[in-house]
Amino acid sequence: MAKTKSIYYCQNCGAQSATWMGRCRQCGEWNTFVEEIVAPAAGTATAKTVTQSRPVPLNEIQIETDTHRLVTSIGELNRVLGGGIVPGSLILLGGEPGIGKSTLLLQLALSLPQHRKVLYVSGEESELQLKMRADRLPETNANCYIVNENNTQAILQHLEQVKPDLVIIDSIQTMQTNALESSAGSVSQIRETTAELQRYAKTTATPIFLVGHITKDGTLAGPKILEHIVDVVLQFEGERNYGYRIVRAIKNRFGSISEIGIFEMTSAGLREVLNPSEMLISNHSEDANGIAIAAAVEGLRPFLIETQALVSPAVYGTPQRSANGFDTRRLGMLLAVLEKRCGMKLMAKDVFLNIAGGLRPDDPATDLAIIAAILSSHFDIPIDGKTCFAAEIGLSGEVRPVSRVEQRIHEAEKLGYRRIFISSYNGKETTAHRISVVRIAKIDELLPALFANS
Ligand code: TYD
Ligand code: MG
């Protein structure tokens with residue numbers, strides 16, 4: 001097949017060059033040249049699709065209702081996708097290596113209804129390796145096809161033959177198109193292979209999942225440049241040493257991005273976690289110090305999460321502040337507020353903080369629980385296990401209101417909590433009746449209210 005003509009462009013100033021250059025002669029920037037196709041070879045998909053489009057009045061377009069969505073049997077995935085997979089959509093699943101992307105998608109492939117065909121294209125694992133992985137999973141599907149291939153032209157041929165209802169590409173970084181000479185994983189290859197797959201997805205209304213790697217420091221350009229092209233970007237995250245995994249939608253053209261799906265990695269693949277609060281609260285004895293429960297909200301879902309603090313005299317000169325699952329700078333800020341507004345002497349103490357389950361909630365409402373856990377550890381007084389907290393702390397020590405407070409109160413009530421601390425500035429009305437709602441306005445009101453009976 002004739003090679004297409006490509007040219008190198010400087011991403012900084014737009015200068016052109018016939019060959020790749022390390023440094024742009026025009027603007028002097030380093031490493032900015034990227035290969036672009038200028039004249040696609042005749043007969044490639046690029047040349048074909050141009051004339052197929054036809055402008056239509058917006059009013060005449062039939063609305064795709066949810067019945068058209070491909071509803072998977074993985075409820076947590078449906079939830080993040082906004083109710084199922086939209087035909088013809090391109091869905092990017094990003095995540096660090098080893099987090100479980102291939103496992104999740106293989107499980108998805110195996111759990112589709114039996115009359116639905118799936119083609120799982122792996123550029124990383126052989127058919128045998130995939131079979132071994134599939135054997136660990138509980139699901140089976142006679143219509144799941146596997147192929148080890150990384151050339152997009154070959155993949156498109158397989159797609160013509162198999163005509164699957166769903167395609168999985170694992171991973172986009174290993175795919176290569178004949179149109180470009182650069183190696184797989186380079187920016188231009190990733191962009192071009194995605195564009196070819198997207199053309200297939202849109203013309204045949206077949207949804208395609210793409211797996212994208214991101215490294216710890218997020219340096220790999222791959223998935224970032226894809227975010228504009230694809231319809232949905234899902235991020236798979238979690239601490240590798242803990243079993244819990246969260247799928248989060250970062251972009252979704254067909255649904256909300258505030259939903260999350262929670263899974264647990266087990267020896268038989270990923271298991272859906274339907275009641276996150278139960279998993280996030282350890283079974284500690286009633287008299288343990290330094291434990292407080294936060295009524296957090298992730299996405300649209302409230303859940304209760306355990307925060308643990310340990311405050312101990314600093315042995316070495318500089319006291320340590322260390323946090324697992326929480327921003328250390330924010331911990332420093334909370335400690336400074338405690339010193340200044342409550343007169344607590346924490347400067348000579350080591351403070352360690354841990355969020356249960358290896359989660360990293362980015363909900364400011366966990367502040368009050370963290371303060372309570374620190375107080376509890378500092379004064380060696382346990383917090384009664386039926387109390388939880390939901391408020392943000394401001395720099396002047398004010399207890400600030402948080403969103404969805406009703407939902408948090410109800411979740412706590414449902415799980416049998418008897419007392420919840422919230423901000424006085426959160427509306428007065430509440431429909432909860434089995435839980436006592438304690439409202440505080442200033443951080444120094446917490447201590448007397450919390451340990452009133454101790
Ligand atoms: P994998 O899906 O290969 O991650 P990714 O594709 O994101 O790189 O699998 C990640 C880890 O999951 C791997 O270290 C092994 C583990 N695992 C289980 O614990 N149980 C299982 O049933 C499977 C299939 C994998
Ligand atoms: Mg993988």
# chains A, B, ... in the order shown; residues from 1 in each chain; ligands from 1
>>> residues_around(residues="Leu70 (chain A)", least_positions_apart="3", cutoff="7 Å", atoms="only C-alpha atoms", output="PDB file with N, CA and C atoms, in the first residue's frame")
ATOM      1  N   GLY A  84     -25.871   3.364  30.223  1.00  0.00           N
ATOM      2  CA  GLY A  84     -25.549   2.351  29.218  1.00  0.00           C
ATOM      3  C   GLY A  84     -24.662   2.930  28.139  1.00  0.00           C
ATOM      4  N   ILE A  85     -24.275   2.070  27.195  1.00  0.00           N
ATOM      5  CA  ILE A  85     -23.339   2.497  26.154  1.00  0.00           C
ATOM      6  C   ILE A  85     -24.120   3.032  24.958  1.00  0.00           C
ATOM      7  N   VAL A  86     -23.812   4.255  24.540  1.00  0.00           N
ATOM      8  CA  VAL A  86     -24.500   4.867  23.396  1.00  0.00           C
ATOM      9  C   VAL A  86     -23.899   4.316  22.102  1.00  0.00           C
TER      10      VAL A  86
END
>>> closest_atom_pairs(of="chain A", to="ligand 1", cutoff="8 Å", atoms="only C-alpha atoms and all ligand atoms", output="tab-separated table")
residue	atom	partner	partner_atom_place_in_ligand_line	distance
A:Gly95	CA	ligand 1	7 (O)	6.3
A:Glu96	CA	ligand 1	7 (O)	6.3
A:Pro97	CA	ligand 1	8 (O)	4.0
A:Gly98	CA	ligand 1	8 (O)	3.4
A:Ile99	CA	ligand 1	7 (O)	4.1
A:Gly100	CA	ligand 1	2 (O)	3.3
A:Lys101	CA	ligand 1	7 (O)	3.6
A:Ser102	CA	ligand 1	6 (O)	3.7
A:Thr103	CA	ligand 1	2 (O)	3.7
A:Leu104	CA	ligand 1	2 (O)	6.5
A:Arg133	CA	ligand 1	24 (C)	5.0
A:Ala134	CA	ligand 1	24 (C)	7.0
A:Arg136	CA	ligand 1	22 (O)	5.2
A:Leu137	CA	ligand 1	22 (O)	5.8
A:Asp170	CA	ligand 1	6 (O)	7.9
A:His213	CA	ligand 1	7 (O)	7.9
A:Met265	CA	ligand 1	19 (O)	5.4
A:Thr266	CA	ligand 1	20 (N)	5.1
A:Ser267	CA	ligand 1	20 (N)	4.0
A:Ala268	CA	ligand 1	22 (O)	3.9
A:Gly269	CA	ligand 1	22 (O)	3.3
A:Leu270	CA	ligand 1	22 (O)	6.8
>>> select_by_dssp(residues="region 128-377 of chain A", states="strand (DSSP E or B)", output="JSON, numbers by chain")
{"A": [144, 145, 146, 147, 148, 151, 166, 167, 168, 169, 170, 176, 208, 209, 210, 211, 212, 213, 232, 233, 234, 235, 236, 237, 244, 245, 246, 247, 248, 249, 250, 251, 252, 260, 261, 262, 263, 264, 265, 266, 269, 270, 271, 272, 291, 292, 293, 294, 295, 296, 297, 298, 301, 302, 303, 304, 305, 306, 307, 308, 309, 310, 311, 312, 313, 321, 322, 323, 324, 349, 350, 351, 352, 353, 354, 355]}
>>> closest_residue(among="A:Ser171, A:Asn275, A:Gln153, A:Gln129", to="Glu196 (chain A)", atoms="only C-alpha atoms")
A:Gln153
>>> residues_around(residues="Leu331 (chain A)", least_positions_apart="5", cutoff="8 Å", atoms="only C-alpha atoms", output="VMD selection string")
chain A and resid 321 323 326
>>> write_last_selection(atoms="all heavy atoms", output="short mmCIF file (atom, residue, chain, number, x, y, z; two decimals), in the first residue's frame")
data_model
loop_
_atom_site.label_atom_id
_atom_site.label_comp_id
_atom_site.auth_asym_id
_atom_site.auth_seq_id
_atom_site.Cartn_x
_atom_site.Cartn_y
_atom_site.Cartn_z
N ARG A 321 4.24 15.65 59.70
CA ARG A 321 2.84 15.68 59.29
C ARG A 321 2.74 14.79 58.08
O ARG A 321 3.32 15.09 57.04
CB ARG A 321 2.42 17.10 58.86
CG ARG A 321 1.91 17.96 59.96
CD ARG A 321 3.04 18.75 60.59
NE ARG A 321 2.59 19.70 61.57
CZ ARG A 321 2.36 19.41 62.85
NH1 ARG A 321 2.53 18.19 63.29
NH2 ARG A 321 1.97 20.35 63.69
N ALA A 323 0.04 12.36 55.64
CA ALA A 323 -1.36 12.04 55.37
C ALA A 323 -1.47 11.04 54.23
O ALA A 323 -0.76 11.14 53.24
CB ALA A 323 -2.14 13.31 55.01
N PHE A 326 -5.18 12.14 51.80
CA PHE A 326 -5.63 13.51 52.08
C PHE A 326 -4.47 14.44 51.75
O PHE A 326 -3.31 14.07 51.92
CB PHE A 326 -6.04 13.64 53.55
CG PHE A 326 -6.78 14.91 53.88
CD1 PHE A 326 -8.10 15.07 53.49
CD2 PHE A 326 -6.15 15.93 54.58
CE1 PHE A 326 -8.78 16.24 53.80
CE2 PHE A 326 -6.83 17.11 54.88
CZ PHE A 326 -8.15 17.26 54.50
#
>>> select_by_dssp(residues="region 62-253 of chain A", states="alpha helix (DSSP H)", output="PyMOL selection string")
chain A and resi 75-80+101-111+127-136+152-162+187-204+222-226
>>> write_last_selection(atoms="C-alpha atoms", output="compact mmCIF listing (two decimals), in the first residue's frame")
# COMPACT_ATOMS: atom_id res chain seq x y z
CA GLY A 75 -24.56 -1.76 37.04
CA GLU A 76 -21.75 0.45 38.30
CA LEU A 77 -20.46 0.88 34.74
CA ASN A 78 -23.92 1.72 33.42
CA ARG A 79 -24.20 4.33 36.12
CA VAL A 80 -20.97 6.11 35.13
CA LYS A 101 -8.50 -1.82 32.97
CA SER A 102 -8.12 -5.01 30.96
CA THR A 103 -9.92 -6.99 33.64
CA LEU A 104 -12.88 -4.61 33.71
CA LEU A 105 -13.27 -4.58 29.93
CA LEU A 106 -12.87 -8.34 29.61
CA GLN A 107 -15.56 -8.74 32.25
CA LEU A 108 -17.72 -6.32 30.31
CA ALA A 109 -17.14 -8.32 27.12
CA LEU A 110 -18.05 -11.55 28.86
CA SER A 111 -21.11 -10.22 30.63
CA GLU A 127 -4.87 -14.93 23.04
CA LEU A 128 -3.56 -17.49 25.52
CA GLN A 129 -2.89 -14.88 28.19
CA LEU A 130 -6.38 -13.47 27.71
CA LYS A 131 -7.87 -16.94 27.98
CA MET A 132 -6.02 -17.50 31.25
CA ARG A 133 -7.35 -14.20 32.56
CA ALA A 134 -10.87 -15.01 31.40
CA ASP A 135 -10.72 -18.34 33.24
CA ARG A 136 -10.36 -16.48 36.53
CA THR A 152 -5.54 -0.65 12.58
CA GLN A 153 -5.99 -1.63 8.92
CA ALA A 154 -5.98 -5.29 9.96
CA ILE A 155 -8.35 -4.52 12.81
CA LEU A 156 -10.76 -2.78 10.44
CA GLN A 157 -10.75 -5.90 8.27
CA HIS A 158 -11.53 -8.06 11.30
CA LEU A 159 -14.35 -5.69 12.17
CA GLU A 160 -15.83 -6.02 8.67
CA GLN A 161 -15.80 -9.77 9.11
CA VAL A 162 -16.99 -10.20 12.70
CA VAL A 187 1.35 11.36 19.53
CA SER A 188 0.67 11.23 15.80
CA GLN A 189 0.03 7.46 15.82
CA ILE A 190 -2.36 7.72 18.74
CA ARG A 191 -4.27 10.54 17.11
CA GLU A 192 -4.48 8.89 13.70
CA THR A 193 -5.42 5.40 14.92
CA THR A 194 -8.12 6.91 17.12
CA ALA A 195 -9.44 8.91 14.19
CA GLU A 196 -9.61 5.75 12.04
CA LEU A 197 -11.44 3.85 14.77
CA GLN A 198 -13.76 6.78 15.33
CA ARG A 199 -14.72 6.80 11.66
CA TYR A 200 -15.62 3.14 11.95
CA ALA A 201 -17.61 3.76 15.15
CA LYS A 202 -19.61 6.63 13.67
CA THR A 203 -20.35 5.02 10.31
CA THR A 204 -21.45 1.66 11.74
CA GLY A 222 -1.45 9.85 24.80
CA PRO A 223 -4.81 9.96 26.55
CA LYS A 224 -4.71 13.72 27.10
CA ILE A 225 -4.79 14.55 23.41
CA LEU A 226 -7.52 11.95 22.96
>>> closest_residue(among="A:Ile169, A:Met333, A:Val351, A:Ile393", to="ligand 2", atoms="only C-alpha atoms and all ligand atoms")
A:Ile169
>>> residues_around(residues="region 18-29 of chain A", least_positions_apart="5", cutoff="9 Å", atoms="only C-alpha atoms", output="list in words")
Ser6, Ile7, Tyr8, Tyr9, Cys10, Asn12, Cys13, Val34 and Glu35 of chain A
>>> decode(residues="region 145-193 of chain A", atoms="N, CA and C atoms", output="CSV table (one decimal), in the first residue's frame")
chain,number,residue,atom,x,y,z
A,145,TYR,N,-15.1,-12.6,20.9
A,145,TYR,CA,-14.0,-12.9,20.0
A,145,TYR,C,-12.8,-12.1,20.5
A,146,ILE,N,-11.6,-12.8,20.4
A,146,ILE,CA,-10.4,-12.2,20.9
A,146,ILE,C,-9.4,-12.2,19.7
A,147,VAL,N,-8.7,-11.1,19.5
A,147,VAL,CA,-7.6,-11.1,18.5
A,147,VAL,C,-6.5,-10.3,19.1
A,148,ASN,N,-5.3,-10.8,18.8
A,148,ASN,CA,-4.1,-10.1,19.1
A,148,ASN,C,-3.5,-9.4,17.9
A,149,GLU,N,-3.7,-8.1,17.8
A,149,GLU,CA,-3.4,-7.4,16.6
A,149,GLU,C,-3.1,-5.9,17.0
A,150,ASN,N,-2.2,-5.3,16.3
A,150,ASN,CA,-2.0,-3.9,16.6
A,150,ASN,C,-1.9,-3.0,15.4
A,151,ASN,N,-2.3,-3.5,14.3
A,151,ASN,CA,-2.4,-2.7,13.0
A,151,ASN,C,-3.8,-2.3,12.8
A,152,THR,N,-4.1,-1.0,12.7
A,152,THR,CA,-5.5,-0.6,12.6
A,152,THR,C,-6.2,-1.1,11.3
A,153,GLN,N,-5.4,-1.2,10.2
A,153,GLN,CA,-6.0,-1.6,8.9
A,153,GLN,C,-6.4,-3.1,9.0
A,154,ALA,N,-5.6,-3.9,9.7
A,154,ALA,CA,-6.0,-5.3,10.0
A,154,ALA,C,-7.2,-5.4,10.9
A,155,ILE,N,-7.2,-4.5,11.9
A,155,ILE,CA,-8.3,-4.5,12.8
A,155,ILE,C,-9.6,-4.2,12.1
A,156,LEU,N,-9.6,-3.2,11.2
A,156,LEU,CA,-10.8,-2.8,10.4
A,156,LEU,C,-11.3,-3.9,9.6
A,157,GLN,N,-10.3,-4.7,9.0
A,157,GLN,CA,-10.8,-5.9,8.3
A,157,GLN,C,-11.5,-6.9,9.2
A,158,HIS,N,-10.9,-7.1,10.4
A,158,HIS,CA,-11.5,-8.1,11.3
A,158,HIS,C,-12.9,-7.6,11.6
A,159,LEU,N,-13.1,-6.3,11.8
A,159,LEU,CA,-14.3,-5.7,12.2
A,159,LEU,C,-15.4,-5.9,11.1
A,160,GLU,N,-14.9,-5.8,9.8
A,160,GLU,CA,-15.8,-6.0,8.7
A,160,GLU,C,-16.3,-7.5,8.7
A,161,GLN,N,-15.5,-8.4,9.1
A,161,GLN,CA,-15.8,-9.8,9.1
A,161,GLN,C,-16.7,-10.2,10.3
A,162,VAL,N,-16.3,-9.8,11.5
A,162,VAL,CA,-17.0,-10.2,12.7
A,162,VAL,C,-18.3,-9.4,12.9
A,163,LYS,N,-18.3,-8.1,12.5
A,163,LYS,CA,-19.4,-7.2,12.7
A,163,LYS,C,-19.9,-7.3,14.2
A,164,PRO,N,-19.0,-6.9,15.1
A,164,PRO,CA,-19.4,-7.0,16.5
A,164,PRO,C,-20.3,-5.8,16.9
A,165,ASP,N,-21.0,-6.1,18.1
A,165,ASP,CA,-21.9,-5.0,18.6
A,165,ASP,C,-21.1,-4.1,19.5
A,166,LEU,N,-19.9,-4.6,19.9
A,166,LEU,CA,-19.0,-3.8,20.8
A,166,LEU,C,-17.6,-4.1,20.5
A,167,VAL,N,-16.7,-3.1,20.5
A,167,VAL,CA,-15.3,-3.3,20.2
A,167,VAL,C,-14.5,-2.8,21.4
A,168,ILE,N,-13.5,-3.6,21.8
A,168,ILE,CA,-12.6,-3.2,22.8
A,168,ILE,C,-11.2,-3.1,22.3
A,169,ILE,N,-10.5,-2.0,22.4
A,169,ILE,CA,-9.1,-1.9,21.9
A,169,ILE,C,-8.2,-1.7,23.2
A,170,ASP,N,-7.4,-2.6,23.4
A,170,ASP,CA,-6.5,-2.6,24.6
A,170,ASP,C,-5.0,-2.7,24.1
A,171,SER,N,-4.3,-1.8,24.1
A,171,SER,CA,-4.6,-0.4,24.4
A,171,SER,C,-4.3,0.5,23.2
A,172,ILE,N,-4.7,1.7,23.2
A,172,ILE,CA,-4.5,2.6,22.0
A,172,ILE,C,-3.1,2.9,21.8
A,173,GLN,N,-2.3,2.9,22.9
A,173,GLN,CA,-0.8,3.2,22.8
A,173,GLN,C,-0.1,2.1,22.0
A,174,THR,N,-0.7,0.9,21.9
A,174,THR,CA,0.0,-0.2,21.1
A,174,THR,C,-0.4,-0.3,19.7
A,175,MET,N,-1.4,0.6,19.3
A,175,MET,CA,-1.9,0.5,17.9
A,175,MET,C,-1.1,1.3,17.0
A,176,GLN,N,-1.1,0.9,15.7
A,176,GLN,CA,-0.3,1.5,14.7
A,176,GLN,C,-1.0,1.5,13.4
A,177,THR,N,-0.9,2.6,12.6
A,177,THR,CA,-1.6,2.7,11.3
A,177,THR,C,-0.5,2.7,10.2
A,178,ASN,N,-0.9,2.1,9.1
A,178,ASN,CA,0.1,2.1,8.0
A,178,ASN,C,0.3,3.5,7.4
A,179,ALA,N,-0.6,4.4,7.7
A,179,ALA,CA,-0.5,5.7,7.1
A,179,ALA,C,0.7,6.5,7.6
A,180,LEU,N,1.2,6.1,8.8
A,180,LEU,CA,2.3,6.9,9.4
A,180,LEU,C,3.4,6.0,9.7
A,181,GLU,N,4.6,6.6,9.6
A,181,GLU,CA,5.8,5.7,9.9
A,181,GLU,C,6.3,5.7,11.3
A,182,SER,N,5.8,6.7,12.1
A,182,SER,CA,6.3,6.8,13.4
A,182,SER,C,5.9,5.6,14.2
A,183,SER,N,6.6,5.4,15.4
A,183,SER,CA,6.3,4.1,16.1
A,183,SER,C,5.0,4.2,17.0
A,184,ALA,N,4.5,3.1,17.3
A,184,ALA,CA,3.3,3.0,18.1
A,184,ALA,C,3.5,3.8,19.4
A,185,GLY,N,2.4,4.5,19.8
A,185,GLY,CA,2.5,5.2,21.1
A,185,GLY,C,2.9,6.6,20.9
A,186,SER,N,3.4,7.0,19.7
A,186,SER,CA,3.7,8.4,19.5
A,186,SER,C,2.4,9.2,19.3
A,187,VAL,N,2.5,10.5,19.6
A,187,VAL,CA,1.4,11.4,19.5
A,187,VAL,C,0.6,11.2,18.2
A,188,SER,N,1.4,11.3,17.1
A,188,SER,CA,0.7,11.2,15.8
A,188,SER,C,0.0,9.9,15.6
A,189,GLN,N,0.6,8.8,16.0
A,189,GLN,CA,0.0,7.5,15.8
A,189,GLN,C,-1.3,7.4,16.6
A,190,ILE,N,-1.2,7.8,17.9
A,190,ILE,CA,-2.4,7.7,18.7
A,190,ILE,C,-3.5,8.5,18.1
A,191,ARG,N,-3.2,9.7,17.6
A,191,ARG,CA,-4.3,10.5,17.1
A,191,ARG,C,-4.9,9.9,15.8
A,192,GLU,N,-4.0,9.4,15.0
A,192,GLU,CA,-4.5,8.9,13.7
A,192,GLU,C,-5.2,7.6,13.9
A,193,THR,N,-4.7,6.7,14.7
A,193,THR,CA,-5.4,5.4,14.9
A,193,THR,C,-6.8,5.7,15.6
